[in-house]
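Shown next: data_6.pdb, containing PDB, C-alpha atoms.
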ATOM      1  CA  MET N   1      89.565 107.813  18.597  1.00  0.00           C
ATOM      2  CA  THR N   2      89.783 104.256  17.326  1.00  0.00           C
ATOM      3  CA  GLU N   3      92.749 101.913  17.783  1.00  0.00           C
ATOM      4  CA  GLU N   4      93.452 102.268  14.070  1.00  0.00           C
ATOM      5  CA  THR N   5      93.672 106.071  14.379  1.00  0.00           C
ATOM      6  CA  LYS N   6      95.977 105.843  17.393  1.00  0.00           C
ATOM      7  CA  SER N   7      98.446 103.580  15.612  1.00  0.00           C
ATOM      8  CA  SER N   8      98.631 105.876  12.561  1.00  0.00           C
ATOM      9  CA  GLU N   9      99.705 108.893  14.631  1.00  0.00           C
ATOM     10  CA  PRO N  10     103.402 109.722  14.316  1.00  0.00           C
ATOM     11  CA  GLN N  11     105.550 108.039  16.941  1.00  0.00           C
ATOM     12  CA  THR N  12     108.380 109.944  18.584  1.00  0.00           C
ATOM     13  CA  ARG N  13     111.579 107.920  18.274  1.00  0.00           C
ATOM     14  CA  PRO N  14     115.064 108.758  19.469  1.00  0.00           C
ATOM     15  CA  ALA N  15     117.233 110.254  16.761  1.00  0.00           C
ATOM     16  CA  VAL N  16     119.928 108.046  15.306  1.00  0.00           C
ATOM     17  CA  SER N  17     123.364 109.197  16.405  1.00  0.00           C
ATOM     18  CA  VAL N  18     126.215 109.051  13.911  1.00  0.00           C
ATOM     19  CA  VAL N  19     129.721 110.062  15.005  1.00  0.00           C
ATOM     20  CA  GLY N  20     132.210 110.042  12.175  1.00  0.00           C
ATOM     21  CA  PRO N  21     135.996 109.796  12.275  1.00  0.00           C
ATOM     22  CA  GLY N  22     137.334 112.753  14.225  1.00  0.00           C
ATOM     23  CA  GLY N  23     133.870 113.524  15.620  1.00  0.00           C
ATOM     24  CA  GLY N  24     132.703 113.438  19.192  1.00  0.00           C
ATOM     25  CA  GLU N  25     133.862 115.291  22.262  1.00  0.00           C
ATOM     26  CA  THR N  26     137.608 115.145  22.991  1.00  0.00           C
ATOM     27  CA  ILE N  27     138.904 114.887  26.550  1.00  0.00           C
ATOM     28  CA  VAL N  28     142.650 115.032  27.170  1.00  0.00           C
ATOM     29  CA  LEU N  29     143.937 113.705  30.487  1.00  0.00           C
ATOM     30  CA  GLY N  30     147.713 113.804  30.578  1.00  0.00           C
ATOM     31  CA  THR N  31     149.032 111.289  28.035  1.00  0.00           C
ATOM     32  CA  THR N  32     145.569 109.862  27.311  1.00  0.00           C
ATOM     33  CA  ARG N  33     143.303 111.302  24.628  1.00  0.00           C
ATOM     34  CA  MET N  34     139.694 110.219  24.900  1.00  0.00           C
ATOM     35  CA  ARG N  35     136.953 110.697  22.334  1.00  0.00           C
ATOM     36  CA  VAL N  36     133.391 110.447  23.658  1.00  0.00           C
ATOM     37  CA  LEU N  37     131.425 108.651  20.955  1.00  0.00           C
ATOM     38  CA  GLU N  38     128.233 108.339  22.992  1.00  0.00           C
ATOM     39  CA  ASP N  39     127.718 110.071  26.332  1.00  0.00           C
ATOM     40  CA  GLY N  40     124.373 108.426  27.050  1.00  0.00           C
ATOM     41  CA  SER N  41     122.244 111.249  25.682  1.00  0.00           C
ATOM     42  CA  HIS N  42     121.099 109.087  22.734  1.00  0.00           C
ATOM     43  CA  THR N  43     120.630 105.859  24.709  1.00  0.00           C
ATOM     44  CA  GLY N  44     118.395 106.968  27.561  1.00  0.00           C
ATOM     45  CA  HIS N  45     121.588 106.960  29.667  1.00  0.00           C
ATOM     46  CA  ARG N  46     121.819 103.160  29.427  1.00  0.00           C
ATOM     47  CA  LEU N  47     125.158 103.115  27.590  1.00  0.00           C
ATOM     48  CA  ALA N  48     128.155 105.367  26.934  1.00  0.00           C
ATOM     49  CA  ILE N  49     131.087 104.609  24.629  1.00  0.00           C
ATOM     50  CA  THR N  50     134.530 106.207  24.438  1.00  0.00           C
ATOM     51  CA  GLU N  51     137.643 105.662  22.383  1.00  0.00           C
ATOM     52  CA  SER N  52     140.929 106.176  24.226  1.00  0.00           C
ATOM     53  CA  VAL N  53     144.440 106.492  22.875  1.00  0.00           C
ATOM     54  CA  LEU N  54     147.035 105.665  25.528  1.00  0.00           C
ATOM     55  CA  ALA N  55     150.496 106.995  24.751  1.00  0.00           C
ATOM     56  CA  PRO N  56     153.451 104.660  25.333  1.00  0.00           C
ATOM     57  CA  HIS N  57     154.235 104.098  29.019  1.00  0.00           C
ATOM     58  CA  THR N  58     150.931 105.615  30.190  1.00  0.00           C
ATOM     59  CA  GLN N  59     149.921 104.775  33.729  1.00  0.00           C
ATOM     60  CA  GLY N  60     146.188 104.472  34.211  1.00  0.00           C
ATOM     61  CA  PRO N  61     144.069 105.502  37.163  1.00  0.00           C
ATOM     62  CA  PRO N  62     144.606 104.105  40.643  1.00  0.00           C
ATOM     63  CA  GLN N  63     143.007 100.690  41.040  1.00  0.00           C
ATOM     64  CA  HIS N  64     139.326 101.295  41.765  1.00  0.00           C
ATOM     65  CA  ARG N  65     135.883  99.698  41.804  1.00  0.00           C
ATOM     66  CA  HIS N  66     132.549 100.937  40.500  1.00  0.00           C
ATOM     67  CA  ALA N  67     129.421 100.345  42.566  1.00  0.00           C
ATOM     68  CA  ARG N  68     126.809 101.026  39.891  1.00  0.00           C
ATOM     69  CA  HIS N  69     128.115 100.345  36.421  1.00  0.00           C
ATOM     70  CA  ASP N  70     129.756  97.734  34.255  1.00  0.00           C
ATOM     71  CA  GLU N  71     132.813  98.821  32.304  1.00  0.00           C
ATOM     72  CA  GLY N  72     133.984  97.146  29.123  1.00  0.00           C
ATOM     73  CA  PHE N  73     137.248  97.592  27.230  1.00  0.00           C
ATOM     74  CA  TYR N  74     137.876  96.401  23.666  1.00  0.00           C
ATOM     75  CA  VAL N  75     141.482  96.756  22.556  1.00  0.00           C
ATOM     76  CA  LEU N  76     141.700  97.989  18.957  1.00  0.00           C
ATOM     77  CA  SER N  77     145.490  98.235  18.695  1.00  0.00           C
ATOM     78  CA  GLY N  78     148.571  97.896  20.846  1.00  0.00           C
ATOM     79  CA  THR N  79     148.683  96.222  24.233  1.00  0.00           C
ATOM     80  CA  VAL N  80     146.856  97.338  27.369  1.00  0.00           C
ATOM     81  CA  ARG N  81     147.749  95.819  30.734  1.00  0.00           C
ATOM     82  CA  PHE N  82     144.700  95.326  32.921  1.00  0.00           C
ATOM     83  CA  THR N  83     145.286  94.746  36.607  1.00  0.00           C
ATOM     84  CA  VAL N  84     142.345  93.082  38.330  1.00  0.00           C
ATOM     85  CA  GLY N  85     143.031  92.693  42.023  1.00  0.00           C
ATOM     86  CA  ASP N  86     146.575  91.316  42.042  1.00  0.00           C
ATOM     87  CA  GLU N  87     146.433  89.683  38.576  1.00  0.00           C
ATOM     88  CA  ASP N  88     147.813  91.281  35.405  1.00  0.00           C
ATOM     89  CA  HIS N  89     146.317  90.567  31.984  1.00  0.00           C
ATOM     90  CA  ASP N  90     148.065  91.866  28.857  1.00  0.00           C
ATOM     91  CA  ALA N  91     145.291  92.447  26.330  1.00  0.00           C
ATOM     92  CA  THR N  92     146.227  92.782  22.666  1.00  0.00           C
ATOM     93  CA  ALA N  93     144.133  93.885  19.687  1.00  0.00           C
ATOM     94  CA  GLY N  94     140.855  91.988  19.515  1.00  0.00           C
ATOM     95  CA  THR N  95     140.613  91.371  23.277  1.00  0.00           C
ATOM     96  CA  LEU N  96     137.523  92.310  25.263  1.00  0.00           C
ATOM     97  CA  VAL N  97     137.764  92.867  29.033  1.00  0.00           C
ATOM     98  CA  MET N  98     134.483  93.220  30.968  1.00  0.00           C
ATOM     99  CA  VAL N  99     134.603  94.524  34.535  1.00  0.00           C
ATOM    100  CA  PRO N 100     131.436  94.052  36.617  1.00  0.00           C
ATOM    101  CA  PRO N 101     130.501  96.364  39.505  1.00  0.00           C
ATOM    102  CA  GLY N 102     132.580  95.837  42.631  1.00  0.00           C
ATOM    103  CA  THR N 103     135.647  94.435  40.855  1.00  0.00           C
ATOM    104  CA  PRO N 104     138.920  96.274  41.577  1.00  0.00           C
ATOM    105  CA  HIS N 105     140.734  97.160  38.353  1.00  0.00           C
ATOM    106  CA  THR N 106     143.023  99.533  36.514  1.00  0.00           C
ATOM    107  CA  PHE N 107     144.834  99.612  33.187  1.00  0.00           C
ATOM    108  CA  ALA N 108     148.049 100.969  31.683  1.00  0.00           C
ATOM    109  CA  ASN N 109     150.089 100.921  28.499  1.00  0.00           C
ATOM    110  CA  PRO N 110     153.499  99.574  29.527  1.00  0.00           C
ATOM    111  CA  THR N 111     154.795  99.306  25.946  1.00  0.00           C
ATOM    112  CA  ASP N 112     156.746 101.545  23.561  1.00  0.00           C
ATOM    113  CA  GLN N 113     153.753 101.813  21.180  1.00  0.00           C
ATOM    114  CA  PRO N 114     150.430 103.671  21.540  1.00  0.00           C
ATOM    115  CA  ALA N 115     147.367 101.584  22.413  1.00  0.00           C
ATOM    116  CA  VAL N 116     143.788 102.296  21.377  1.00  0.00           C
ATOM    117  CA  MET N 117     140.701 100.899  23.066  1.00  0.00           C
ATOM    118  CA  LEU N 118     136.950 101.357  23.081  1.00  0.00           C
ATOM    119  CA  SER N 119     135.310 101.551  26.491  1.00  0.00           C
ATOM    120  CA  THR N 120     131.671 101.025  27.385  1.00  0.00           C
ATOM    121  CA  PHE N 121     129.918 102.238  30.509  1.00  0.00           C
ATOM    122  CA  THR N 122     126.576 100.676  31.393  1.00  0.00           C
ATOM    123  CA  PRO N 123     124.849 102.866  32.462  1.00  0.00           C
ATOM    124  CA  ASP N 124     126.548 106.047  31.216  1.00  0.00           C
ATOM    125  CA  LEU N 125     127.301 107.337  34.728  1.00  0.00           C
ATOM    126  CA  TYR N 126     131.094 107.523  34.432  1.00  0.00           C
ATOM    127  CA  VAL N 127     131.577 109.781  31.373  1.00  0.00           C
ATOM    128  CA  GLN N 128     131.062 112.877  33.516  1.00  0.00           C
ATOM    129  CA  TYR N 129     133.970 111.749  35.731  1.00  0.00           C
ATOM    130  CA  PHE N 130     136.362 112.251  32.806  1.00  0.00           C
ATOM    131  CA  ARG N 131     134.869 115.661  32.098  1.00  0.00           C
ATOM    132  CA  ASP N 132     135.368 116.600  35.751  1.00  0.00           C
ATOM    133  CA  LEU N 133     139.044 115.581  35.623  1.00  0.00           C
ATOM    134  CA  GLN N 134     139.561 117.615  32.456  1.00  0.00           C
ATOM    135  CA  GLU N 135     137.983 120.623  34.200  1.00  0.00           C
ATOM    136  CA  VAL N 136     140.446 120.293  37.090  1.00  0.00           C
ATOM    137  CA  LEU N 137     143.328 120.453  34.607  1.00  0.00           C
ATOM    138  CA  ALA N 138     141.733 123.282  32.594  1.00  0.00           C
ATOM    139  CA  ASP N 139     141.424 125.330  35.794  1.00  0.00           C
ATOM    140  CA  GLY N 140     145.181 124.972  36.284  1.00  0.00           C
ATOM    141  CA  ARG N 141     144.809 122.750  39.327  1.00  0.00           C
ATOM    142  CA  PRO N 142     146.977 119.637  39.660  1.00  0.00           C
ATOM    143  CA  LEU N 143     145.310 116.279  39.215  1.00  0.00           C
ATOM    144  CA  THR N 144     146.251 115.019  42.669  1.00  0.00           C
ATOM    145  CA  PRO N 145     145.184 111.640  44.065  1.00  0.00           C
ATOM    146  CA  GLY N 146     142.752 113.550  46.316  1.00  0.00           C
ATOM    147  CA  ALA N 147     141.159 115.376  43.373  1.00  0.00           C
ATOM    148  CA  ASN N 148     140.855 112.067  41.529  1.00  0.00           C
ATOM    149  CA  ILE N 149     139.215 110.352  44.513  1.00  0.00           C
ATOM    150  CA  ASP N 150     136.825 113.280  45.028  1.00  0.00           C
ATOM    151  CA  ALA N 151     135.709 112.967  41.400  1.00  0.00           C
ATOM    152  CA  MET N 152     135.409 109.160  41.657  1.00  0.00           C
ATOM    153  CA  ASN N 153     133.193 109.461  44.732  1.00  0.00           C
ATOM    154  CA  ARG N 154     130.685 111.588  42.780  1.00  0.00           C
ATOM    155  CA  TYR N 155     130.133 108.653  40.409  1.00  0.00           C
ATOM    156  CA  ALA N 156     129.726 105.672  42.749  1.00  0.00           C
ATOM    157  CA  THR N 157     133.390 104.714  42.471  1.00  0.00           C
ATOM    158  CA  GLU N 158     136.047 104.275  45.121  1.00  0.00           C
ATOM    159  CA  PRO N 159     139.756 103.449  45.148  1.00  0.00           C
ATOM    160  CA  ALA N 160     140.642  99.836  45.933  1.00  0.00           C
ATOM    161  CA  THR N 161     142.899 100.952  48.787  1.00  0.00           C
ATOM    162  CA  GLU N 162     143.322  97.512  50.350  1.00  0.00           C
ATOM    163  CA  LEU N 163     145.384  96.569  47.291  1.00  0.00           C
ATOM    164  CA  GLY N 164     147.807  99.371  48.101  1.00  0.00           C
TER     165      GLY N 164
END
Could you render the structure from this file as structure tokens?
Amino acid sequence: MTEETKSSEPQTRPAVSVVGPGGGETIVLGTTRMRVLEDGSHTGHRLAITESVLAPHTQGPPQHRHARHDEGFYVLSGTVRFTVGDEDHDATAGTLVMVPPGTPHTFANPTDQPAVMLSTFTPDLYVQYFRDLQEVLADGRPLTPGANIDAMNRYATEPATELG
């Protein structure tokens, strides 16, 4: 086979993924509704993207740190309060918050209005964590701090307990 013949053979390329409005997998965790736009299956597990709607006065997860992935948050509407260590940052629409591995963080919606944000996970490791939490609730079990920590530990994440 010549080089010319090799290059004319069909190349296998990943399929383009298109998720329209209302599409994607929905995960409901208490007062937060998450839509998985990309779970990593179309990106070689390099990137996952979710859209989350936080109801008014929604408390986020306990402050935690990820060992193996970056997490990004882009606020589309409303205000999301990010707590990084002992510092609060109120992020309004158009704000991007990037959290590198090892950085303690959490978020909440302290306002009277819903907030919507896009989140990225690089690599996609953490999407399954949300699925695991939803399964706990679907099985009728309470989402206790212990159940949350058990799920976090499966995805290279731990609570930032020294921040109490």
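If you measure from each of N:Val116, N:Leu54, N:Ala108, N:Ile149 to Leu133 (chain N) using all atoms listed in the file, the closest one turns out to be N:Ile149.
Shortest atom-to-atom contact with Glu51 (chain N) among N:Glu25, N:Asp112, N:Asp70, N:Asp88: N:Glu25, counting only C-alpha atoms.
Take the candidates N:Leu137, N:Leu37, N:Leu96, N:Val80 and check each one against Gly22 (chain N) using only C-alpha atoms; the shortest distance goes to N:Leu37.
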Tell me which residues the PyMOL selection byres ((chain N and resi 64) around 7) grabs here, as a list of chain:residue names.
-> N:Pro62, N:Gln63, N:Arg65, N:His66, N:Pro104, N:His105, N:Thr106, N:Thr157, N:Glu158, N:Pro159, N:Ala160
So which residues touch Pro110 (chain N) within 7 Å, counting only C-alpha atoms, skipping near sequence neighbours fewer than 3 positions away, as a PyMOL selection string?
-> chain N and resi 56-58+81
